[in-house]
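Inspection log for the structure reproduced underneath, given as structure tokens.
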Amino acid sequence: MKLWGGRFTKPTNQLVDEYTASISFDQKLAMFDIQGSLAHVSMLADCGIISQDDAIVISQGLKKVAKQIEAGTAELTVSNEDIHMNIEKLLIDQVGAVGGKLHTGRSRNDQVALDMRLYLRDALLQIGQLLTGLQQALITQAKANTETILPGYTHLQRAQPVLLAHHLLAYVFMFQRDLERLMDSWKRINRSPLGAGALAGTTFAIDREYVATKLGFDSITENSLDSVSDRDFVVEFLAAASLIITHLSRLSEELVQWSSAEFNFIELDDAFCTGSSMMPQKKNPDVPELVRGKTGRVYGHLIGMLTTLKGLPLAYNKDMQEDKEGMFDTVETIKGALALFAPMIETMQIHQKEMYQAVAQDYSNATDLADYLVQKGIPFREAHAIVGQTVLYSIEQKKYLLELSLGEFQQFSKVINHDIYQVLDPKAVVNARDVAGGTAQKRVESQVEQAEALLKQSQLWLEQKITCLSQLTIT
Ligand code: ARG
């Protein structure tokens, strides 16, 4: 007999059981469900809704069920539909009819909303820590490369030289925004919906704040209908995750390009590459390729969740059971990628000489020649045209700008002097971008400091939350 079987005259069609059950995937919520139930039962006793003795029996039973599930000895069945009813059934098997008091003043609707929040805040902290790990790895490489010059690109055409540290720090700041988005969403995730009941609240004199405090929530949600219907926090997470994987995917693309023979800017460590079953010489950057590839599924989960929610009337609808797999998969996908990226970045070899050569054998100092002319009083637009002609001439002569003689330079403008050779040197070109956020070495060094300060702040925030949650005593 089903836990809700009283009103029914026949057993459910087996296909319906299988189709509507979520136990195959929502068992991921088991420990959070039990955590929530422990807080709920403690509140029921505290409010005098059930006896202390019953509460003790139920709590002990719940802990045994937790052990069974952890050990993999609990039988979870589709006929018990989802993790909530499976646990309740296991509890009743364990402690007898008194276990049936657990669900007093509660519905699966507020229960599942609670579990989702407990799961997601935990995942958020794990992802946050992995993000800071990746930022740290990028900063470490940046610090080792505050003098390494490589071409900066626009349109994937060499544009102006930059420091490798500058390039890597760009990603540190992207991941910083990602982290800030996650941290900001905390205040919307970390609120307790329990007590909303099925949709309208409950007739029992429960204490919602008690449960919220016990579970480490910052507050309770305001409106019971909204509490059971709200999955904004899932959407927000999926959106934040989409940006994380967008950034990872862009970095992946660069790593793939940079490790090609055509670029030869880096070599990923053997431990992070794979070979070919046929071509013995191959060393493939599978990890960044796969991360780039997995971007699609994360975006898909975001659109999937938004679409599930868009036409739903208040309050709970079974459609909402579709909130889980995409969220779980996104959490695993992001965690997997971040966990690999930090050590992969840390161990990659930087080919400084090849990077420098790509700068030296190019015209990416052309802007500096134009700026030089401007310093001598020539309007920028005119200077641009002069340099364009100089570059065209150089290409025809198969020379780079630094290989032109002073006489050749002066064919294009008389104001050019011998000091031009110093100005066009790649190092000088980089250091001339001496503006806040620019690529001059001292500006990049101060970006390192800024990044490290931000990193420290986020680490502190994460540690605080983790300590807070680990100190919860729920029994
Ligand atoms: N398995 C369900 C879900 O994930 C739990 C809530 C079910 N509520 C209900 N009224 N059928 O959404």
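FYI, nothing fancy with the structure tokens labels: chains A, B, ... in order, residues from 1 per chain, ligands from 1 as they appear.
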
Return as a count of residues only every polymer residue, whether protein, DNA or RNA, with at least one atom no more than 12 Å from an atom of ligand 1; count only C-alpha atoms and all ligand atoms.
-> 52

Shell of 10 Å around stretch 435-445 of chain A, only C-alpha atoms, local chain residues under 4 positions omitted, as a PyMOL selection string | chain A and resi 142-143+146-149+160-167+169-170+427-431+449-451

Could you pull out the residues in stretch 153-300 of chain A that DSSP calls strand (DSSP E) from the backbone, as a ChimeraX atom specification?
-> /A:153-154,157-163,191-192,219-220,266-267

Output file for the selection above: N, CA and C atoms, as a short mmCIF file (atom, residue, chain, number, x, y, z; two decimals), in the first residue's frame:
data_model
loop_
_atom_site.label_atom_id
_atom_site.label_comp_id
_atom_site.auth_asym_id
_atom_site.auth_seq_id
_atom_site.Cartn_x
_atom_site.Cartn_y
_atom_site.Cartn_z
N TYR A 153 45.52 39.43 -29.08
CA TYR A 153 44.81 39.28 -30.35
C TYR A 153 43.49 40.04 -30.35
N THR A 154 43.11 40.53 -31.50
CA THR A 154 41.71 40.86 -31.77
C THR A 154 41.42 40.21 -33.12
N GLN A 157 43.78 37.94 -34.83
CA GLN A 157 44.94 38.47 -35.55
C GLN A 157 45.80 39.18 -34.52
N ARG A 158 47.11 39.02 -34.64
CA ARG A 158 48.00 39.67 -33.68
C ARG A 158 47.71 41.17 -33.65
N ALA A 159 47.54 41.70 -32.44
CA ALA A 159 47.09 43.09 -32.33
C ALA A 159 48.14 43.94 -31.62
N GLN A 160 48.33 43.69 -30.32
CA GLN A 160 49.34 44.41 -29.55
C GLN A 160 49.91 43.44 -28.54
N PRO A 161 51.20 43.53 -28.27
CA PRO A 161 51.77 42.59 -27.30
C PRO A 161 51.22 42.84 -25.90
N VAL A 162 51.08 41.77 -25.15
CA VAL A 162 50.65 41.88 -23.75
C VAL A 162 51.52 40.94 -22.91
N LEU A 163 51.43 41.11 -21.62
CA LEU A 163 52.12 40.17 -20.74
C LEU A 163 51.24 38.95 -20.54
N ARG A 191 17.31 30.37 2.60
CA ARG A 191 16.09 30.73 3.34
C ARG A 191 15.22 29.49 3.43
N SER A 192 14.56 29.35 4.54
CA SER A 192 13.80 28.12 4.76
C SER A 192 12.35 28.21 4.29
N SER A 219 16.93 33.12 7.15
CA SER A 219 15.57 33.55 7.46
C SER A 219 14.59 32.56 6.85
N ILE A 220 13.30 32.80 7.08
CA ILE A 220 12.27 31.98 6.44
C ILE A 220 11.71 32.74 5.24
N ILE A 266 52.23 26.78 -25.43
CA ILE A 266 52.24 26.05 -24.16
C ILE A 266 52.32 24.56 -24.45
N GLU A 267 52.65 23.81 -23.41
CA GLU A 267 52.45 22.37 -23.50
C GLU A 267 51.75 21.94 -22.22
#

Test item: residues at most 10 Å from stretch 65-71 of chain A, only C-alpha atoms, excluding those fewer than 4 positions along its chain, as a PyMOL selection string | chain A and resi 27+30-31+33-35+59-61+75-76+87-94

Dump as a short mmCIF file (atom, residue, chain, number, x, y, z; two decimals), in the first residue's frame, selection limited to N, CA, C and O atoms:
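Final file, selection-v5.cif:
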data_model
loop_
_atom_site.label_atom_id
_atom_site.label_comp_id
_atom_site.auth_asym_id
_atom_site.auth_seq_id
_atom_site.Cartn_x
_atom_site.Cartn_y
_atom_site.Cartn_z
N GLN A 27 17.64 10.44 -5.04
CA GLN A 27 18.32 9.86 -3.87
C GLN A 27 19.57 10.66 -3.52
O GLN A 27 20.09 10.56 -2.42
N ALA A 30 19.19 12.46 -0.30
CA ALA A 30 18.87 11.68 0.91
C ALA A 30 19.36 12.33 2.21
O ALA A 30 18.59 12.52 3.15
N MET A 31 20.64 12.67 2.25
CA MET A 31 21.19 13.18 3.52
C MET A 31 20.60 14.55 3.88
O MET A 31 20.41 14.86 5.05
N ASP A 33 17.57 15.45 3.04
CA ASP A 33 16.19 15.16 3.43
C ASP A 33 16.15 14.76 4.91
O ASP A 33 15.30 15.21 5.67
N ILE A 34 17.11 13.94 5.28
CA ILE A 34 17.15 13.48 6.68
C ILE A 34 17.52 14.63 7.61
O ILE A 34 16.93 14.80 8.68
N GLN A 35 18.45 15.44 7.17
CA GLN A 35 18.82 16.63 7.95
C GLN A 35 17.58 17.50 8.20
O GLN A 35 17.31 17.92 9.33
N SER A 59 13.99 10.44 15.61
CA SER A 59 15.34 10.91 15.27
C SER A 59 16.31 9.74 15.19
O SER A 59 17.13 9.65 14.26
N GLN A 60 16.22 8.87 16.19
CA GLN A 60 17.13 7.72 16.16
C GLN A 60 16.87 6.86 14.93
O GLN A 60 17.80 6.38 14.28
N GLY A 61 15.59 6.68 14.62
CA GLY A 61 15.22 5.92 13.42
C GLY A 61 15.78 6.57 12.16
O GLY A 61 16.33 5.89 11.29
N GLU A 75 16.67 -0.36 0.82
CA GLU A 75 16.00 -0.67 -0.44
C GLU A 75 15.15 0.54 -0.86
O GLU A 75 14.19 0.90 -0.19
N LEU A 76 15.56 1.16 -1.95
CA LEU A 76 14.83 2.32 -2.45
C LEU A 76 14.02 1.87 -3.66
O LEU A 76 14.57 1.28 -4.59
N ILE A 87 12.27 7.39 2.34
CA ILE A 87 12.85 7.55 3.68
C ILE A 87 11.76 7.38 4.75
O ILE A 87 11.97 6.71 5.76
N GLU A 88 10.60 7.95 4.49
CA GLU A 88 9.52 7.82 5.47
C GLU A 88 9.15 6.35 5.65
O GLU A 88 8.92 5.87 6.77
N LYS A 89 9.11 5.63 4.53
CA LYS A 89 8.78 4.20 4.58
C LYS A 89 9.86 3.43 5.35
O LYS A 89 9.55 2.59 6.22
N LEU A 90 11.12 3.73 5.05
CA LEU A 90 12.23 3.06 5.76
C LEU A 90 12.17 3.36 7.26
O LEU A 90 12.44 2.50 8.10
N LEU A 91 11.78 4.60 7.57
CA LEU A 91 11.67 5.00 8.98
C LEU A 91 10.58 4.18 9.68
O LEU A 91 10.78 3.68 10.79
N ILE A 92 9.44 4.06 9.02
CA ILE A 92 8.33 3.31 9.63
C ILE A 92 8.71 1.83 9.78
O ILE A 92 8.42 1.21 10.81
N ASP A 93 9.42 1.31 8.78
CA ASP A 93 9.91 -0.08 8.91
C ASP A 93 10.83 -0.20 10.13
O ASP A 93 10.86 -1.22 10.81
N GLN A 94 11.56 0.85 10.37
CA GLN A 94 12.56 0.84 11.44
C GLN A 94 11.94 1.02 12.82
O GLN A 94 12.26 0.30 13.74
#

So which bits of stretch 236-368 of chain A end up helix (DSSP H, G or I) when you DSSP the backbone, as a PyMOL selection string?
-> chain A and resi 236-258+270-272+286-310+318-347+352-360+366-368

Which residue out of A:Ala212, A:Val374, A:Leu455, A:Ala358 has the minimum interatomic distance to A:Leu134 when only C-alpha atoms are used?
->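 Comparing A:Ala212, A:Val374, A:Leu455, A:Ala358 against A:Leu134, the winner is A:Leu455.
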
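The interatomic distance for the pair atom CA of A:Leu424 and atom CA of A:Ser259 works out to 28.1 Å.
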
Excluding stretch 12-14 of chain A and residues on its chain fewer than 4 positions from it, collect all residues at most 10 Å away from it, counting only C-alpha atoms, and give them as a PyMOL selection string.
-> chain A and resi 1-2+5+8+18-19+78-79

Please save all heavy atoms of the selected residues as a PDB file, in the first residue's frame.
ATOM      1  N   MET A   1       0.846  -1.217   0.000  1.00  0.00           N
ATOM      2  CA  MET A   1       0.000   0.000   0.000  1.00  0.00           C
ATOM      3  C   MET A   1       0.874   1.259   0.000  1.00  0.00           C
ATOM      4  O   MET A   1       1.857   1.372   0.750  1.00  0.00           O
ATOM      5  CB  MET A   1      -0.877  -0.053   1.268  1.00  0.00           C
ATOM      6  CG  MET A   1      -1.604   1.230   1.583  1.00  0.00           C
ATOM      7  SD  MET A   1      -3.363   1.160   1.223  1.00  0.00           S
ATOM      8  CE  MET A   1      -3.990   2.402   2.330  1.00  0.00           C
ATOM      9  N   LYS A   2       0.503   2.213  -0.850  1.00  0.00           N
ATOM     10  CA  LYS A   2       1.228   3.486  -0.930  1.00  0.00           C
ATOM     11  C   LYS A   2       0.998   4.299   0.347  1.00  0.00           C
ATOM     12  O   LYS A   2      -0.056   4.182   0.981  1.00  0.00           O
ATOM     13  CB  LYS A   2       0.682   4.297  -2.119  1.00  0.00           C
ATOM     14  CG  LYS A   2       1.042   3.710  -3.472  1.00  0.00           C
ATOM     15  CD  LYS A   2       2.206   4.471  -4.011  1.00  0.00           C
ATOM     16  CE  LYS A   2       2.883   3.938  -5.233  1.00  0.00           C
ATOM     17  NZ  LYS A   2       2.261   3.063  -6.144  1.00  0.00           N
ATOM     18  N   GLY A   5      -2.122   5.835  -0.204  1.00  0.00           N
ATOM     19  CA  GLY A   5      -3.033   4.915  -0.900  1.00  0.00           C
ATOM     20  C   GLY A   5      -4.490   4.914  -0.432  1.00  0.00           C
ATOM     21  O   GLY A   5      -5.350   4.327  -1.108  1.00  0.00           O
ATOM     22  N   PHE A   8      -7.451   5.444  -2.829  1.00  0.00           N
ATOM     23  CA  PHE A   8      -7.418   4.718  -4.103  1.00  0.00           C
ATOM     24  C   PHE A   8      -8.024   3.320  -3.990  1.00  0.00           C
ATOM     25  O   PHE A   8      -8.024   2.715  -2.901  1.00  0.00           O
ATOM     26  CB  PHE A   8      -5.968   4.627  -4.609  1.00  0.00           C
ATOM     27  CG  PHE A   8      -5.453   5.955  -5.117  1.00  0.00           C
ATOM     28  CD1 PHE A   8      -5.051   6.952  -4.229  1.00  0.00           C
ATOM     29  CD2 PHE A   8      -5.425   6.228  -6.472  1.00  0.00           C
ATOM     30  CE1 PHE A   8      -4.607   8.187  -4.688  1.00  0.00           C
ATOM     31  CE2 PHE A   8      -4.982   7.457  -6.941  1.00  0.00           C
ATOM     32  CZ  PHE A   8      -4.571   8.437  -6.046  1.00  0.00           C
ATOM     33  N   GLU A  18       6.749   3.857 -12.629  1.00  0.00           N
ATOM     34  CA  GLU A  18       8.094   4.059 -13.167  1.00  0.00           C
ATOM     35  C   GLU A  18       8.265   5.457 -13.770  1.00  0.00           C
ATOM     36  O   GLU A  18       9.304   6.090 -13.628  1.00  0.00           O
ATOM     37  CB  GLU A  18       8.422   2.987 -14.224  1.00  0.00           C
ATOM     38  CG  GLU A  18       8.765   1.661 -13.574  1.00  0.00           C
ATOM     39  CD  GLU A  18       8.724   0.485 -14.539  1.00  0.00           C
ATOM     40  OE1 GLU A  18       8.687   0.698 -15.762  1.00  0.00           O
ATOM     41  OE2 GLU A  18       8.709  -0.659 -14.029  1.00  0.00           O
ATOM     42  N   TYR A  19       7.193   5.911 -14.429  1.00  0.00           N
ATOM     43  CA  TYR A  19       7.276   7.201 -15.128  1.00  0.00           C
ATOM     44  C   TYR A  19       7.309   8.378 -14.146  1.00  0.00           C
ATOM     45  O   TYR A  19       8.004   9.369 -14.377  1.00  0.00           O
ATOM     46  CB  TYR A  19       6.073   7.353 -16.066  1.00  0.00           C
ATOM     47  CG  TYR A  19       6.230   8.501 -17.035  1.00  0.00           C
ATOM     48  CD1 TYR A  19       7.150   8.427 -18.075  1.00  0.00           C
ATOM     49  CD2 TYR A  19       5.471   9.655 -16.906  1.00  0.00           C
ATOM     50  CE1 TYR A  19       7.302   9.481 -18.960  1.00  0.00           C
ATOM     51  CE2 TYR A  19       5.616  10.710 -17.781  1.00  0.00           C
ATOM     52  CZ  TYR A  19       6.537  10.616 -18.808  1.00  0.00           C
ATOM     53  OH  TYR A  19       6.690  11.650 -19.678  1.00  0.00           O
ATOM     54  N   VAL A  78      10.762   2.300  -6.701  1.00  0.00           N
ATOM     55  CA  VAL A  78       9.924   3.234  -7.478  1.00  0.00           C
ATOM     56  C   VAL A  78       8.498   3.256  -6.948  1.00  0.00           C
ATOM     57  O   VAL A  78       7.798   4.264  -7.096  1.00  0.00           O
ATOM     58  CB  VAL A  78       9.861   2.911  -8.992  1.00  0.00           C
ATOM     59  CG1 VAL A  78      11.137   3.286  -9.692  1.00  0.00           C
ATOM     60  CG2 VAL A  78       9.479   1.496  -9.270  1.00  0.00           C
ATOM     61  N   SER A  79       8.065   2.188  -6.306  1.00  0.00           N
ATOM     62  CA  SER A  79       6.682   2.240  -5.802  1.00  0.00           C
ATOM     63  C   SER A  79       6.584   3.231  -4.646  1.00  0.00           C
ATOM     64  O   SER A  79       5.519   3.760  -4.356  1.00  0.00           O
ATOM     65  CB  SER A  79       6.178   0.850  -5.402  1.00  0.00           C
ATOM     66  OG  SER A  79       6.975   0.363  -4.355  1.00  0.00           O
TER      67      SER A  79
END

How close does stretch 184-252 of chain A get to stretch 37-46 of chain A? List, as a tab-separated table, each residue of stretch 184-252 of chain A within 7 Å, its nearest atom pair and the distance in Å to one decimal, counting only C-alpha atoms.
residue	atom	partner	partner_atom	distance
A:Ile206	CA	A:Leu44	CA	6.7
A:Asp207	CA	A:Met43	CA	6.7
A:Tyr210	CA	A:Met43	CA	6.4
A:Val211	CA	A:Ala39	CA	5.6
A:Lys214	CA	A:Ala39	CA	6.3
A:Leu215	CA	A:Ala39	CA	6.9

Now that the selection is made, can you save its residues with all heavy atoms as a PDB file, in the first residue's frame?
ATOM      1  N   ILE A 206       3.319  25.368  14.367  1.00  0.00           N
ATOM      2  CA  ILE A 206       4.744  25.082  14.185  1.00  0.00           C
ATOM      3  C   ILE A 206       5.570  26.350  14.386  1.00  0.00           C
ATOM      4  O   ILE A 206       5.020  27.464  14.427  1.00  0.00           O
ATOM      5  CB  ILE A 206       5.029  24.528  12.765  1.00  0.00           C
ATOM      6  CG1 ILE A 206       4.567  25.530  11.702  1.00  0.00           C
ATOM      7  CG2 ILE A 206       4.382  23.177  12.557  1.00  0.00           C
ATOM      8  CD1 ILE A 206       5.140  25.271  10.331  1.00  0.00           C
ATOM      9  N   ASP A 207       6.867  26.165  14.472  1.00  0.00           N
ATOM     10  CA  ASP A 207       7.777  27.299  14.616  1.00  0.00           C
ATOM     11  C   ASP A 207       8.763  27.255  13.452  1.00  0.00           C
ATOM     12  O   ASP A 207       9.756  26.528  13.491  1.00  0.00           O
ATOM     13  CB  ASP A 207       8.500  27.194  15.969  1.00  0.00           C
ATOM     14  CG  ASP A 207       9.391  28.399  16.238  1.00  0.00           C
ATOM     15  OD1 ASP A 207       9.648  29.186  15.294  1.00  0.00           O
ATOM     16  OD2 ASP A 207       9.842  28.540  17.385  1.00  0.00           O
ATOM     17  N   TYR A 210      12.399  28.285  14.179  1.00  0.00           N
ATOM     18  CA  TYR A 210      13.172  27.261  14.899  1.00  0.00           C
ATOM     19  C   TYR A 210      13.885  26.343  13.902  1.00  0.00           C
ATOM     20  O   TYR A 210      15.083  26.096  14.004  1.00  0.00           O
ATOM     21  CB  TYR A 210      12.200  26.470  15.783  1.00  0.00           C
ATOM     22  CG  TYR A 210      12.811  25.330  16.577  1.00  0.00           C
ATOM     23  CD1 TYR A 210      13.062  25.457  17.939  1.00  0.00           C
ATOM     24  CD2 TYR A 210      13.108  24.111  15.965  1.00  0.00           C
ATOM     25  CE1 TYR A 210      13.603  24.404  18.678  1.00  0.00           C
ATOM     26  CE2 TYR A 210      13.654  23.058  16.681  1.00  0.00           C
ATOM     27  CZ  TYR A 210      13.899  23.204  18.037  1.00  0.00           C
ATOM     28  OH  TYR A 210      14.431  22.162  18.750  1.00  0.00           O
ATOM     29  N   VAL A 211      13.116  25.866  12.928  1.00  0.00           N
ATOM     30  CA  VAL A 211      13.684  24.972  11.904  1.00  0.00           C
ATOM     31  C   VAL A 211      14.773  25.708  11.114  1.00  0.00           C
ATOM     32  O   VAL A 211      15.853  25.169  10.855  1.00  0.00           O
ATOM     33  CB  VAL A 211      12.583  24.465  10.948  1.00  0.00           C
ATOM     34  CG1 VAL A 211      13.177  23.641   9.820  1.00  0.00           C
ATOM     35  CG2 VAL A 211      11.553  23.652  11.707  1.00  0.00           C
ATOM     36  N   LYS A 214      17.914  26.089  13.151  1.00  0.00           N
ATOM     37  CA  LYS A 214      18.575  24.784  13.307  1.00  0.00           C
ATOM     38  C   LYS A 214      19.329  24.377  12.048  1.00  0.00           C
ATOM     39  O   LYS A 214      20.386  23.761  12.111  1.00  0.00           O
ATOM     40  CB  LYS A 214      17.527  23.719  13.630  1.00  0.00           C
ATOM     41  CG  LYS A 214      17.525  23.337  15.095  1.00  0.00           C
ATOM     42  CD  LYS A 214      17.012  21.944  15.315  1.00  0.00           C
ATOM     43  CE  LYS A 214      17.425  21.314  16.593  1.00  0.00           C
ATOM     44  NZ  LYS A 214      18.267  21.765  17.545  1.00  0.00           N
ATOM     45  N   LEU A 215      18.769  24.734  10.898  1.00  0.00           N
ATOM     46  CA  LEU A 215      19.381  24.324   9.631  1.00  0.00           C
ATOM     47  C   LEU A 215      20.365  25.370   9.086  1.00  0.00           C
ATOM     48  O   LEU A 215      20.866  25.227   7.980  1.00  0.00           O
ATOM     49  CB  LEU A 215      18.296  24.020   8.604  1.00  0.00           C
ATOM     50  CG  LEU A 215      17.458  22.757   8.883  1.00  0.00           C
ATOM     51  CD1 LEU A 215      16.265  22.673   7.937  1.00  0.00           C
ATOM     52  CD2 LEU A 215      18.298  21.492   8.786  1.00  0.00           C
TER      53      LEU A 215
END

Can you list, as a list in words, every protein, DNA or RNA residue that comes within 10 Å of A:His384 when you count only C-alpha atoms, leaving out same-chain residues fewer than 2 positions away?
-> Ala366, Thr367, Leu369, Ala370, Asp371, Leu373, Val374, Ile378, Pro379, Phe380, Arg381, Glu382, Ile386, Val387, Gly388, Gln389 and Thr390 of chain A

Leaving out A:Leu138 and any residue of its chain fewer than 5 positions from it, which residues lie within 12 Å of it when counting only C-alpha atoms, given as a count of residues only?
-> 32

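By only C-alpha atoms, and with residues fewer than 6 positions from A:Asp286 along its chain excluded, the set lying at most 9 Å from it is Val256, Phe272, Cys273, Thr274 and Gly275 of chain A.
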
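We find atom CA of A:Met183 and atom CA of A:Ile474 to be spaced 24.3 Å apart.
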
Considering only C-alpha atoms, state which residue in the set A:Leu406, A:Ile350, A:Val423, A:Leu472 is at the smallest distance from A:Asn264.
->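 Among the listed residues, A:Ile350 lies closest to A:Asn264.
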
Atom CA of A:Val234 to atom CA of A:Asp329, straight-line distance in Å | 12.4 Å
